[in-house]
Amino acid sequence: MSKLIAFVGSPRKNGNIDTVVKEVIRGATEKQIDCKIYYLNDMTIKPCQACMYCREPEHDYCVIKDDLRHIYAEIKEADYLILSSPVYIHQMSGLLKNLLDRFYPLTNEKHKPRFGIKKTIFIYSQAAPIPLIFDRYFRYTERSLKAMGIKPIKRITVLGAFTKDSIQKKKKILNKAYNAGKDLENN
């Protein structure tokens, strides 16, 4: 059975990001994909300490003992990831950035993917109603993660997310998210 791990980089449960992630999961579950969701705001994930422990060939995890420690093994077994965040000050949230900084163990000492390729859906929300305003930043972020084996297969962006429930009026986006989950086995 295929596995999907979703990381919600928004502090708002049941907000725009969480709602879109749950729609992807709803579609994926219908395709018998085993799904797990992590709310980064509820986790203790310390910042990377640049100790280089994870660069040693025998270590495929970080030396820091926090909530992320056991998740490396889950990522290793996963086929799919969801990385999601609202846009704060023209960038992803600190919650998601902190997680990505701790993804260094996903590569080996030669900077090659240690856990294989993880097909990834990126989900963003932004108050700005202009579709391409953060597009360059999103592309840069997604390209930089490819070296870790994180392969972008879909990007879903919620525009005009001025309130935490803006997504409720955006049925096309919710449908796109649901279909993205249903289409995972085809990617």
# chains A, B, ... in the order shown; residues from 1 in each chain; ligands from 1
>>> closest_atom_pairs(of="segment 23-65 of chain A", to="segment 69-72 of chain A", cutoff="10 Å", atoms="only C-alpha atoms", output="JSON lines")
{"residue": "A:Tyr38", "atom": "CA", "partner": "A:Ile71", "partner_atom": "CA", "distance": 9.7}
{"residue": "A:Ile45", "atom": "CA", "partner": "A:Arg69", "partner_atom": "CA", "distance": 9.0}
{"residue": "A:Asp60", "atom": "CA", "partner": "A:Tyr72", "partner_atom": "CA", "distance": 7.7}
{"residue": "A:Tyr61", "atom": "CA", "partner": "A:Tyr72", "partner_atom": "CA", "distance": 6.1}
{"residue": "A:Cys62", "atom": "CA", "partner": "A:Arg69", "partner_atom": "CA", "distance": 6.7}
{"residue": "A:Val63", "atom": "CA", "partner": "A:Arg69", "partner_atom": "CA", "distance": 8.0}
{"residue": "A:Ile64", "atom": "CA", "partner": "A:Arg69", "partner_atom": "CA", "distance": 7.1}
{"residue": "A:Lys65", "atom": "CA", "partner": "A:Arg69", "partner_atom": "CA", "distance": 6.0}
>>> select_by_dssp(residues="segment 3-174 of chain A", states="strand (DSSP E or B)", output="ChimeraX atom specification")
/A:3-8,34-39,80-88,91-92,107,113,118-125,150-158
>>> atom_distance(atom1="atom CA of Ile17 of chain A", atom2="atom CA of Ser85 of chain A")
6.5 Å
>>> residues_around(residues="Ile133 of chain A", least_positions_apart="5", cutoff="12 Å", atoms="only C-alpha atoms", output="PyMOL selection string")
chain A and resi 87+90-91+125-128+138-139+157+159-160
>>> write_last_selection(atoms="C-alpha atoms", output="PDB file, in the first residue's frame")
ATOM      1  CA  VAL A  87       2.706  32.880   2.802  1.00  0.00           C
ATOM      2  CA  HIS A  90       6.567  36.799   1.029  1.00  0.00           C
ATOM      3  CA  GLN A  91       7.815  33.367   2.187  1.00  0.00           C
ATOM      4  CA  SER A 125      -2.221  30.134   0.653  1.00  0.00           C
ATOM      5  CA  GLN A 126      -1.771  33.840   0.183  1.00  0.00           C
ATOM      6  CA  ALA A 127      -3.870  36.921   0.847  1.00  0.00           C
ATOM      7  CA  ALA A 128      -2.726  38.484  -2.423  1.00  0.00           C
ATOM      8  CA  PHE A 138       7.512  28.840  -5.014  1.00  0.00           C
ATOM      9  CA  ARG A 139       9.487  27.545  -8.017  1.00  0.00           C
ATOM     10  CA  THR A 157      -2.304  27.867  -4.341  1.00  0.00           C
ATOM     11  CA  LEU A 159      -5.455  33.108  -3.632  1.00  0.00           C
ATOM     12  CA  GLY A 160      -7.216  35.880  -1.726  1.00  0.00           C
TER      13      GLY A 160
END
>>> atom_distance(atom1="atom CA of Asn186 of chain A", atom2="atom CA of Ile153 of chain A")
10.8 Å
>>> closest_residue(among="A:Cys48, A:Leu68, A:Ile82, A:Ile130", to="Asp101 of chain A", atoms="only C-alpha atoms")
A:Cys48
>>> closest_residue(among="A:Tyr53, A:Pro86, A:Lys3, A:Leu174", to="Phe134 of chain A", atoms="only C-alpha atoms")
A:Pro86
>>> residues_around(residues="Phe122 of chain A", least_positions_apart="3", cutoff="7 Å", atoms="only C-alpha atoms", output="PyMOL selection string")
chain A and resi 82-84+154-156
>>> select_by_dssp(residues="chain A", states="helix (DSSP H, G or I)", output="PDB file with N, CA, C and O atoms, in the first residue's frame")
ATOM      1  N   ASN A  16      -7.398  27.562   6.040  1.00  0.00           N
ATOM      2  CA  ASN A  16      -7.292  27.352   4.591  1.00  0.00           C
ATOM      3  C   ASN A  16      -6.348  26.218   4.225  1.00  0.00           C
ATOM      4  O   ASN A  16      -6.703  25.323   3.460  1.00  0.00           O
ATOM      5  N   ILE A  17      -5.149  26.257   4.765  1.00  0.00           N
ATOM      6  CA  ILE A  17      -4.147  25.226   4.440  1.00  0.00           C
ATOM      7  C   ILE A  17      -4.620  23.853   4.901  1.00  0.00           C
ATOM      8  O   ILE A  17      -4.611  22.889   4.135  1.00  0.00           O
ATOM      9  N   ASP A  18      -5.030  23.749   6.138  1.00  0.00           N
ATOM     10  CA  ASP A  18      -5.478  22.475   6.698  1.00  0.00           C
ATOM     11  C   ASP A  18      -6.642  21.901   5.888  1.00  0.00           C
ATOM     12  O   ASP A  18      -6.675  20.706   5.587  1.00  0.00           O
ATOM     13  N   THR A  19      -7.571  22.745   5.490  1.00  0.00           N
ATOM     14  CA  THR A  19      -8.733  22.291   4.724  1.00  0.00           C
ATOM     15  C   THR A  19      -8.320  21.731   3.367  1.00  0.00           C
ATOM     16  O   THR A  19      -8.808  20.670   2.944  1.00  0.00           O
ATOM     17  N   VAL A  20      -7.399  22.397   2.692  1.00  0.00           N
ATOM     18  CA  VAL A  20      -6.940  21.914   1.390  1.00  0.00           C
ATOM     19  C   VAL A  20      -6.164  20.599   1.551  1.00  0.00           C
ATOM     20  O   VAL A  20      -6.360  19.656   0.779  1.00  0.00           O
ATOM     21  N   VAL A  21      -5.309  20.525   2.552  1.00  0.00           N
ATOM     22  CA  VAL A  21      -4.567  19.283   2.813  1.00  0.00           C
ATOM     23  C   VAL A  21      -5.539  18.132   3.051  1.00  0.00           C
ATOM     24  O   VAL A  21      -5.377  17.036   2.500  1.00  0.00           O
ATOM     25  N   LYS A  22      -6.564  18.374   3.840  1.00  0.00           N
ATOM     26  CA  LYS A  22      -7.540  17.313   4.135  1.00  0.00           C
ATOM     27  C   LYS A  22      -8.296  16.870   2.883  1.00  0.00           C
ATOM     28  O   LYS A  22      -8.676  15.703   2.776  1.00  0.00           O
ATOM     29  N   GLU A  23      -8.503  17.771   1.943  1.00  0.00           N
ATOM     30  CA  GLU A  23      -9.156  17.386   0.691  1.00  0.00           C
ATOM     31  C   GLU A  23      -8.250  16.484  -0.142  1.00  0.00           C
ATOM     32  O   GLU A  23      -8.716  15.518  -0.743  1.00  0.00           O
ATOM     33  N   VAL A  24      -6.966  16.796  -0.191  1.00  0.00           N
ATOM     34  CA  VAL A  24      -6.027  15.907  -0.897  1.00  0.00           C
ATOM     35  C   VAL A  24      -6.051  14.533  -0.231  1.00  0.00           C
ATOM     36  O   VAL A  24      -6.129  13.501  -0.914  1.00  0.00           O
ATOM     37  N   ILE A  25      -6.015  14.519   1.079  1.00  0.00           N
ATOM     38  CA  ILE A  25      -6.022  13.256   1.818  1.00  0.00           C
ATOM     39  C   ILE A  25      -7.324  12.485   1.576  1.00  0.00           C
ATOM     40  O   ILE A  25      -7.311  11.261   1.424  1.00  0.00           O
ATOM     41  N   ARG A  26      -8.431  13.194   1.510  1.00  0.00           N
ATOM     42  CA  ARG A  26      -9.715  12.534   1.236  1.00  0.00           C
ATOM     43  C   ARG A  26      -9.664  11.810  -0.113  1.00  0.00           C
ATOM     44  O   ARG A  26     -10.066  10.640  -0.219  1.00  0.00           O
ATOM     45  N   GLY A  27      -9.123  12.481  -1.127  1.00  0.00           N
ATOM     46  CA  GLY A  27      -8.990  11.843  -2.436  1.00  0.00           C
ATOM     47  C   GLY A  27      -8.026  10.678  -2.407  1.00  0.00           C
ATOM     48  O   GLY A  27      -8.285   9.616  -3.000  1.00  0.00           O
ATOM     49  N   ALA A  28      -6.905  10.841  -1.712  1.00  0.00           N
ATOM     50  CA  ALA A  28      -5.895   9.780  -1.638  1.00  0.00           C
ATOM     51  C   ALA A  28      -6.420   8.560  -0.888  1.00  0.00           C
ATOM     52  O   ALA A  28      -6.152   7.415  -1.275  1.00  0.00           O
ATOM     53  N   THR A  29      -7.171   8.790   0.157  1.00  0.00           N
ATOM     54  CA  THR A  29      -7.727   7.701   0.950  1.00  0.00           C
ATOM     55  C   THR A  29      -8.682   6.860   0.115  1.00  0.00           C
ATOM     56  O   THR A  29      -8.726   5.630   0.243  1.00  0.00           O
ATOM     57  N   GLU A  30      -9.429   7.520  -0.765  1.00  0.00           N
ATOM     58  CA  GLU A  30     -10.334   6.780  -1.654  1.00  0.00           C
ATOM     59  C   GLU A  30      -9.562   5.859  -2.598  1.00  0.00           C
ATOM     60  O   GLU A  30     -10.116   4.883  -3.100  1.00  0.00           O
ATOM     61  N   LEU A  40       2.626  20.910  12.315  1.00  0.00           N
ATOM     62  CA  LEU A  40       3.932  21.361  12.797  1.00  0.00           C
ATOM     63  C   LEU A  40       3.824  22.258  14.027  1.00  0.00           C
ATOM     64  O   LEU A  40       4.713  22.261  14.865  1.00  0.00           O
ATOM     65  N   ASN A  41       2.728  22.999  14.145  1.00  0.00           N
ATOM     66  CA  ASN A  41       2.549  23.879  15.295  1.00  0.00           C
ATOM     67  C   ASN A  41       2.372  23.106  16.603  1.00  0.00           C
ATOM     68  O   ASN A  41       2.631  23.631  17.674  1.00  0.00           O
ATOM     69  N   ASP A  42       1.956  21.853  16.510  1.00  0.00           N
ATOM     70  CA  ASP A  42       1.763  21.016  17.696  1.00  0.00           C
ATOM     71  C   ASP A  42       3.001  20.207  18.053  1.00  0.00           C
ATOM     72  O   ASP A  42       2.998  19.467  19.031  1.00  0.00           O
ATOM     73  N   TYR A  53      26.109  15.651  12.049  1.00  0.00           N
ATOM     74  CA  TYR A  53      25.903  14.255  12.450  1.00  0.00           C
ATOM     75  C   TYR A  53      25.255  13.464  11.309  1.00  0.00           C
ATOM     76  O   TYR A  53      25.651  12.344  11.010  1.00  0.00           O
ATOM     77  N   CYS A  54      24.266  14.076  10.671  1.00  0.00           N
ATOM     78  CA  CYS A  54      23.525  13.385   9.600  1.00  0.00           C
ATOM     79  C   CYS A  54      24.345  13.207   8.331  1.00  0.00           C
ATOM     80  O   CYS A  54      23.924  12.494   7.422  1.00  0.00           O
ATOM     81  N   ARG A  55      25.502  13.803   8.236  1.00  0.00           N
ATOM     82  CA  ARG A  55      26.382  13.640   7.069  1.00  0.00           C
ATOM     83  C   ARG A  55      27.156  12.343   7.139  1.00  0.00           C
ATOM     84  O   ARG A  55      27.694  11.885   6.138  1.00  0.00           O
ATOM     85  N   ILE A  71      10.077  10.625  12.681  1.00  0.00           N
ATOM     86  CA  ILE A  71       9.440  10.889  11.393  1.00  0.00           C
ATOM     87  C   ILE A  71      10.363  10.557  10.214  1.00  0.00           C
ATOM     88  O   ILE A  71       9.875  10.243   9.125  1.00  0.00           O
ATOM     89  N   TYR A  72      11.659  10.580  10.414  1.00  0.00           N
ATOM     90  CA  TYR A  72      12.574  10.219   9.317  1.00  0.00           C
ATOM     91  C   TYR A  72      12.270   8.826   8.774  1.00  0.00           C
ATOM     92  O   TYR A  72      12.263   8.606   7.560  1.00  0.00           O
ATOM     93  N   ALA A  73      12.022   7.886   9.663  1.00  0.00           N
ATOM     94  CA  ALA A  73      11.697   6.521   9.221  1.00  0.00           C
ATOM     95  C   ALA A  73      10.390   6.505   8.432  1.00  0.00           C
ATOM     96  O   ALA A  73      10.263   5.768   7.452  1.00  0.00           O
ATOM     97  N   GLU A  74       9.432   7.320   8.833  1.00  0.00           N
ATOM     98  CA  GLU A  74       8.162   7.394   8.109  1.00  0.00           C
ATOM     99  C   GLU A  74       8.359   8.011   6.720  1.00  0.00           C
ATOM    100  O   GLU A  74       7.750   7.553   5.751  1.00  0.00           O
ATOM    101  N   ILE A  75       9.180   9.037   6.649  1.00  0.00           N
ATOM    102  CA  ILE A  75       9.469   9.653   5.347  1.00  0.00           C
ATOM    103  C   ILE A  75      10.155   8.637   4.438  1.00  0.00           C
ATOM    104  O   ILE A  75       9.856   8.551   3.249  1.00  0.00           O
ATOM    105  N   LYS A  76      11.047   7.869   5.012  1.00  0.00           N
ATOM    106  CA  LYS A  76      11.769   6.854   4.234  1.00  0.00           C
ATOM    107  C   LYS A  76      10.794   5.885   3.574  1.00  0.00           C
ATOM    108  O   LYS A  76      10.975   5.490   2.422  1.00  0.00           O
ATOM    109  N   GLU A  77       9.738   5.516   4.275  1.00  0.00           N
ATOM    110  CA  GLU A  77       8.760   4.558   3.758  1.00  0.00           C
ATOM    111  C   GLU A  77       7.691   5.200   2.882  1.00  0.00           C
ATOM    112  O   GLU A  77       6.986   4.504   2.160  1.00  0.00           O
ATOM    113  N   GLY A  94       7.520  30.035   9.187  1.00  0.00           N
ATOM    114  CA  GLY A  94       8.677  29.555   9.933  1.00  0.00           C
ATOM    115  C   GLY A  94       8.520  28.097  10.337  1.00  0.00           C
ATOM    116  O   GLY A  94       9.511  27.367  10.438  1.00  0.00           O
ATOM    117  N   LEU A  95       7.296  27.664  10.567  1.00  0.00           N
ATOM    118  CA  LEU A  95       7.046  26.267  10.920  1.00  0.00           C
ATOM    119  C   LEU A  95       7.547  25.331   9.822  1.00  0.00           C
ATOM    120  O   LEU A  95       8.244  24.351  10.095  1.00  0.00           O
ATOM    121  N   LEU A  96       7.180  25.636   8.580  1.00  0.00           N
ATOM    122  CA  LEU A  96       7.612  24.776   7.468  1.00  0.00           C
ATOM    123  C   LEU A  96       9.098  24.950   7.192  1.00  0.00           C
ATOM    124  O   LEU A  96       9.810  23.969   6.944  1.00  0.00           O
ATOM    125  N   LYS A  97       9.596  26.159   7.260  1.00  0.00           N
ATOM    126  CA  LYS A  97      11.025  26.393   7.009  1.00  0.00           C
ATOM    127  C   LYS A  97      11.874  25.624   8.008  1.00  0.00           C
ATOM    128  O   LYS A  97      12.896  25.013   7.648  1.00  0.00           O
ATOM    129  N   ASN A  98      11.484  25.629   9.258  1.00  0.00           N
ATOM    130  CA  ASN A  98      12.218  24.893  10.284  1.00  0.00           C
ATOM    131  C   ASN A  98      12.239  23.393   9.962  1.00  0.00           C
ATOM    132  O   ASN A  98      13.278  22.733  10.098  1.00  0.00           O
ATOM    133  N   LEU A  99      11.105  22.849   9.515  1.00  0.00           N
ATOM    134  CA  LEU A  99      11.059  21.449   9.124  1.00  0.00           C
ATOM    135  C   LEU A  99      12.022  21.186   7.971  1.00  0.00           C
ATOM    136  O   LEU A  99      12.810  20.239   8.003  1.00  0.00           O
ATOM    137  N   LEU A 100      11.969  22.032   6.950  1.00  0.00           N
ATOM    138  CA  LEU A 100      12.823  21.816   5.777  1.00  0.00           C
ATOM    139  C   LEU A 100      14.305  21.908   6.130  1.00  0.00           C
ATOM    140  O   LEU A 100      15.124  21.177   5.573  1.00  0.00           O
ATOM    141  N   ASP A 101      14.662  22.781   7.047  1.00  0.00           N
ATOM    142  CA  ASP A 101      16.057  22.842   7.497  1.00  0.00           C
ATOM    143  C   ASP A 101      16.496  21.517   8.112  1.00  0.00           C
ATOM    144  O   ASP A 101      17.657  21.129   8.011  1.00  0.00           O
ATOM    145  N   TYR A 104      17.848  17.789   6.082  1.00  0.00           N
ATOM    146  CA  TYR A 104      19.191  17.483   5.593  1.00  0.00           C
ATOM    147  C   TYR A 104      19.508  15.983   5.631  1.00  0.00           C
ATOM    148  O   TYR A 104      20.159  15.459   4.725  1.00  0.00           O
ATOM    149  N   PRO A 105      19.039  15.222   6.629  1.00  0.00           N
ATOM    150  CA  PRO A 105      19.303  13.780   6.622  1.00  0.00           C
ATOM    151  C   PRO A 105      18.678  13.030   5.449  1.00  0.00           C
ATOM    152  O   PRO A 105      18.994  11.868   5.229  1.00  0.00           O
ATOM    153  N   LEU A 106      17.816  13.668   4.687  1.00  0.00           N
ATOM    154  CA  LEU A 106      17.228  13.013   3.520  1.00  0.00           C
ATOM    155  C   LEU A 106      18.256  12.824   2.411  1.00  0.00           C
ATOM    156  O   LEU A 106      18.010  12.103   1.445  1.00  0.00           O
ATOM    157  N   ASP A 135       5.069  33.248  -7.431  1.00  0.00           N
ATOM    158  CA  ASP A 135       5.397  32.102  -8.269  1.00  0.00           C
ATOM    159  C   ASP A 135       6.903  31.831  -8.330  1.00  0.00           C
ATOM    160  O   ASP A 135       7.342  30.690  -8.233  1.00  0.00           O
ATOM    161  N   ARG A 136       7.693  32.859  -8.479  1.00  0.00           N
ATOM    162  CA  ARG A 136       9.146  32.685  -8.557  1.00  0.00           C
ATOM    163  C   ARG A 136       9.690  32.076  -7.260  1.00  0.00           C
ATOM    164  O   ARG A 136      10.545  31.195  -7.279  1.00  0.00           O
ATOM    165  N   TYR A 137       9.182  32.555  -6.133  1.00  0.00           N
ATOM    166  CA  TYR A 137       9.608  32.014  -4.832  1.00  0.00           C
ATOM    167  C   TYR A 137       9.206  30.544  -4.704  1.00  0.00           C
ATOM    168  O   TYR A 137       9.994  29.706  -4.269  1.00  0.00           O
ATOM    169  N   PHE A 138       7.971  30.223  -5.096  1.00  0.00           N
ATOM    170  CA  PHE A 138       7.512  28.840  -5.014  1.00  0.00           C
ATOM    171  C   PHE A 138       8.376  27.925  -5.884  1.00  0.00           C
ATOM    172  O   PHE A 138       8.788  26.845  -5.453  1.00  0.00           O
ATOM    173  N   ARG A 139       8.653  28.351  -7.113  1.00  0.00           N
ATOM    174  CA  ARG A 139       9.487  27.545  -8.017  1.00  0.00           C
ATOM    175  C   ARG A 139      10.884  27.350  -7.437  1.00  0.00           C
ATOM    176  O   ARG A 139      11.443  26.243  -7.501  1.00  0.00           O
ATOM    177  N   TYR A 140      11.468  28.419  -6.907  1.00  0.00           N
ATOM    178  CA  TYR A 140      12.800  28.339  -6.301  1.00  0.00           C
ATOM    179  C   TYR A 140      12.810  27.323  -5.161  1.00  0.00           C
ATOM    180  O   TYR A 140      13.695  26.463  -5.076  1.00  0.00           O
ATOM    181  N   THR A 141      11.838  27.405  -4.286  1.00  0.00           N
ATOM    182  CA  THR A 141      11.749  26.497  -3.140  1.00  0.00           C
ATOM    183  C   THR A 141      11.628  25.054  -3.614  1.00  0.00           C
ATOM    184  O   THR A 141      12.355  24.175  -3.152  1.00  0.00           O
ATOM    185  N   GLU A 142      10.738  24.829  -4.552  1.00  0.00           N
ATOM    186  CA  GLU A 142      10.515  23.469  -5.043  1.00  0.00           C
ATOM    187  C   GLU A 142      11.738  22.916  -5.753  1.00  0.00           C
ATOM    188  O   GLU A 142      12.099  21.750  -5.560  1.00  0.00           O
ATOM    189  N   ARG A 143      12.412  23.729  -6.550  1.00  0.00           N
ATOM    190  CA  ARG A 143      13.637  23.281  -7.233  1.00  0.00           C
ATOM    191  C   ARG A 143      14.744  22.952  -6.241  1.00  0.00           C
ATOM    192  O   ARG A 143      15.485  21.992  -6.426  1.00  0.00           O
ATOM    193  N   SER A 144      14.869  23.764  -5.194  1.00  0.00           N
ATOM    194  CA  SER A 144      15.959  23.539  -4.242  1.00  0.00           C
ATOM    195  C   SER A 144      15.780  22.237  -3.472  1.00  0.00           C
ATOM    196  O   SER A 144      16.762  21.661  -2.995  1.00  0.00           O
ATOM    197  N   LEU A 145      14.562  21.739  -3.352  1.00  0.00           N
ATOM    198  CA  LEU A 145      14.312  20.505  -2.611  1.00  0.00           C
ATOM    199  C   LEU A 145      14.488  19.245  -3.455  1.00  0.00           C
ATOM    200  O   LEU A 145      14.547  18.143  -2.925  1.00  0.00           O
ATOM    201  N   LYS A 146      14.584  19.402  -4.766  1.00  0.00           N
ATOM    202  CA  LYS A 146      14.751  18.240  -5.646  1.00  0.00           C
ATOM    203  C   LYS A 146      15.997  17.436  -5.299  1.00  0.00           C
ATOM    204  O   LYS A 146      16.007  16.212  -5.406  1.00  0.00           O
ATOM    205  N   ALA A 147      17.060  18.103  -4.895  1.00  0.00           N
ATOM    206  CA  ALA A 147      18.303  17.407  -4.553  1.00  0.00           C
ATOM    207  C   ALA A 147      18.117  16.447  -3.381  1.00  0.00           C
ATOM    208  O   ALA A 147      18.880  15.499  -3.226  1.00  0.00           O
ATOM    209  N   MET A 148      17.091  16.686  -2.566  1.00  0.00           N
ATOM    210  CA  MET A 148      16.804  15.814  -1.424  1.00  0.00           C
ATOM    211  C   MET A 148      15.886  14.663  -1.805  1.00  0.00           C
ATOM    212  O   MET A 148      15.532  13.851  -0.967  1.00  0.00           O
ATOM    213  N   SER A 166     -11.483  31.451   4.123  1.00  0.00           N
ATOM    214  CA  SER A 166     -11.643  31.892   2.728  1.00  0.00           C
ATOM    215  C   SER A 166     -11.828  30.723   1.775  1.00  0.00           C
ATOM    216  O   SER A 166     -12.520  30.835   0.766  1.00  0.00           O
ATOM    217  N   ILE A 167     -11.222  29.600   2.084  1.00  0.00           N
ATOM    218  CA  ILE A 167     -11.262  28.436   1.204  1.00  0.00           C
ATOM    219  C   ILE A 167     -12.682  27.908   1.015  1.00  0.00           C
ATOM    220  O   ILE A 167     -12.990  27.300  -0.014  1.00  0.00           O
ATOM    221  N   GLN A 168     -13.556  28.150   1.968  1.00  0.00           N
ATOM    222  CA  GLN A 168     -14.917  27.617   1.889  1.00  0.00           C
ATOM    223  C   GLN A 168     -15.674  28.135   0.666  1.00  0.00           C
ATOM    224  O   GLN A 168     -16.581  27.482   0.170  1.00  0.00           O
ATOM    225  N   LYS A 169     -15.282  29.297   0.154  1.00  0.00           N
ATOM    226  CA  LYS A 169     -15.930  29.880  -1.023  1.00  0.00           C
ATOM    227  C   LYS A 169     -15.211  29.498  -2.315  1.00  0.00           C
ATOM    228  O   LYS A 169     -15.612  29.918  -3.387  1.00  0.00           O
ATOM    229  N   LYS A 171     -14.626  26.570  -4.218  1.00  0.00           N
ATOM    230  CA  LYS A 171     -14.947  25.164  -4.506  1.00  0.00           C
ATOM    231  C   LYS A 171     -14.038  24.572  -5.584  1.00  0.00           C
ATOM    232  O   LYS A 171     -13.713  23.386  -5.547  1.00  0.00           O
ATOM    233  N   LYS A 172     -13.586  25.382  -6.541  1.00  0.00           N
ATOM    234  CA  LYS A 172     -12.694  24.867  -7.593  1.00  0.00           C
ATOM    235  C   LYS A 172     -11.371  24.392  -6.996  1.00  0.00           C
ATOM    236  O   LYS A 172     -10.826  23.369  -7.416  1.00  0.00           O
ATOM    237  N   ILE A 173     -10.850  25.152  -6.047  1.00  0.00           N
ATOM    238  CA  ILE A 173      -9.583  24.774  -5.403  1.00  0.00           C
ATOM    239  C   ILE A 173      -9.779  23.492  -4.582  1.00  0.00           C
ATOM    240  O   ILE A 173      -8.935  22.590  -4.605  1.00  0.00           O
ATOM    241  N   LEU A 174     -10.880  23.416  -3.847  1.00  0.00           N
ATOM    242  CA  LEU A 174     -11.145  22.208  -3.061  1.00  0.00           C
ATOM    243  C   LEU A 174     -11.284  20.992  -3.966  1.00  0.00           C
ATOM    244  O   LEU A 174     -10.767  19.915  -3.654  1.00  0.00           O
ATOM    245  N   ASN A 175     -11.926  21.163  -5.097  1.00  0.00           N
ATOM    246  CA  ASN A 175     -12.074  20.075  -6.054  1.00  0.00           C
ATOM    247  C   ASN A 175     -10.712  19.694  -6.652  1.00  0.00           C
ATOM    248  O   ASN A 175     -10.411  18.507  -6.830  1.00  0.00           O
ATOM    249  N   LYS A 176      -9.894  20.694  -6.948  1.00  0.00           N
ATOM    250  CA  LYS A 176      -8.544  20.438  -7.466  1.00  0.00           C
ATOM    251  C   LYS A 176      -7.731  19.635  -6.450  1.00  0.00           C
ATOM    252  O   LYS A 176      -7.004  18.701  -6.814  1.00  0.00           O
ATOM    253  N   ALA A 177      -7.851  19.982  -5.181  1.00  0.00           N
ATOM    254  CA  ALA A 177      -7.127  19.276  -4.123  1.00  0.00           C
ATOM    255  C   ALA A 177      -7.602  17.830  -4.016  1.00  0.00           C
ATOM    256  O   ALA A 177      -6.783  16.899  -3.952  1.00  0.00           O
ATOM    257  N   TYR A 178      -8.899  17.638  -4.010  1.00  0.00           N
ATOM    258  CA  TYR A 178      -9.472  16.292  -3.932  1.00  0.00           C
ATOM    259  C   TYR A 178      -8.987  15.443  -5.112  1.00  0.00           C
ATOM    260  O   TYR A 178      -8.542  14.308  -4.937  1.00  0.00           O
ATOM    261  N   ASN A 179      -9.038  16.008  -6.309  1.00  0.00           N
ATOM    262  CA  ASN A 179      -8.592  15.275  -7.504  1.00  0.00           C
ATOM    263  C   ASN A 179      -7.098  15.010  -7.483  1.00  0.00           C
ATOM    264  O   ASN A 179      -6.643  13.975  -7.978  1.00  0.00           O
ATOM    265  N   ALA A 180      -6.322  15.914  -6.903  1.00  0.00           N
ATOM    266  CA  ALA A 180      -4.879  15.683  -6.776  1.00  0.00           C
ATOM    267  C   ALA A 180      -4.618  14.443  -5.928  1.00  0.00           C
ATOM    268  O   ALA A 180      -3.733  13.646  -6.233  1.00  0.00           O
ATOM    269  N   GLY A 181      -5.391  14.272  -4.874  1.00  0.00           N
ATOM    270  CA  GLY A 181      -5.266  13.079  -4.038  1.00  0.00           C
ATOM    271  C   GLY A 181      -5.669  11.822  -4.775  1.00  0.00           C
ATOM    272  O   GLY A 181      -4.997  10.800  -4.696  1.00  0.00           O
ATOM    273  N   LYS A 182      -6.762  11.901  -5.531  1.00  0.00           N
ATOM    274  CA  LYS A 182      -7.236  10.741  -6.296  1.00  0.00           C
ATOM    275  C   LYS A 182      -6.272  10.369  -7.411  1.00  0.00           C
ATOM    276  O   LYS A 182      -6.192   9.199  -7.796  1.00  0.00           O
ATOM    277  N   LEU A 184      -2.954  10.552  -7.340  1.00  0.00           N
ATOM    278  CA  LEU A 184      -1.590  10.252  -6.897  1.00  0.00           C
ATOM    279  C   LEU A 184      -1.037   8.966  -7.489  1.00  0.00           C
ATOM    280  O   LEU A 184       0.122   8.926  -7.897  1.00  0.00           O
ATOM    281  N   GLU A 185      -1.793   7.918  -7.542  1.00  0.00           N
ATOM    282  CA  GLU A 185      -1.300   6.648  -8.064  1.00  0.00           C
ATOM    283  C   GLU A 185      -0.959   6.737  -9.547  1.00  0.00           C
ATOM    284  O   GLU A 185      -0.250   5.903 -10.075  1.00  0.00           O
ATOM    285  N   ASN A 186      -1.446   7.771 -10.226  1.00  0.00           N
ATOM    286  CA  ASN A 186      -1.170   7.937 -11.652  1.00  0.00           C
ATOM    287  C   ASN A 186       0.116   8.719 -11.906  1.00  0.00           C
ATOM    288  O   ASN A 186       0.560   8.828 -13.049  1.00  0.00           O
TER     289      ASN A 186
END
>>> atom_distance(atom1="atom CA of Ile5 of chain A", atom2="atom CA of Lys36 of chain A")
5.0 Å
>>> closest_residue(among="A:Asp165, A:Asp183, A:Asp79, A:Asp66", to="Thr44 of chain A", atoms="only C-alpha atoms")
A:Asp66
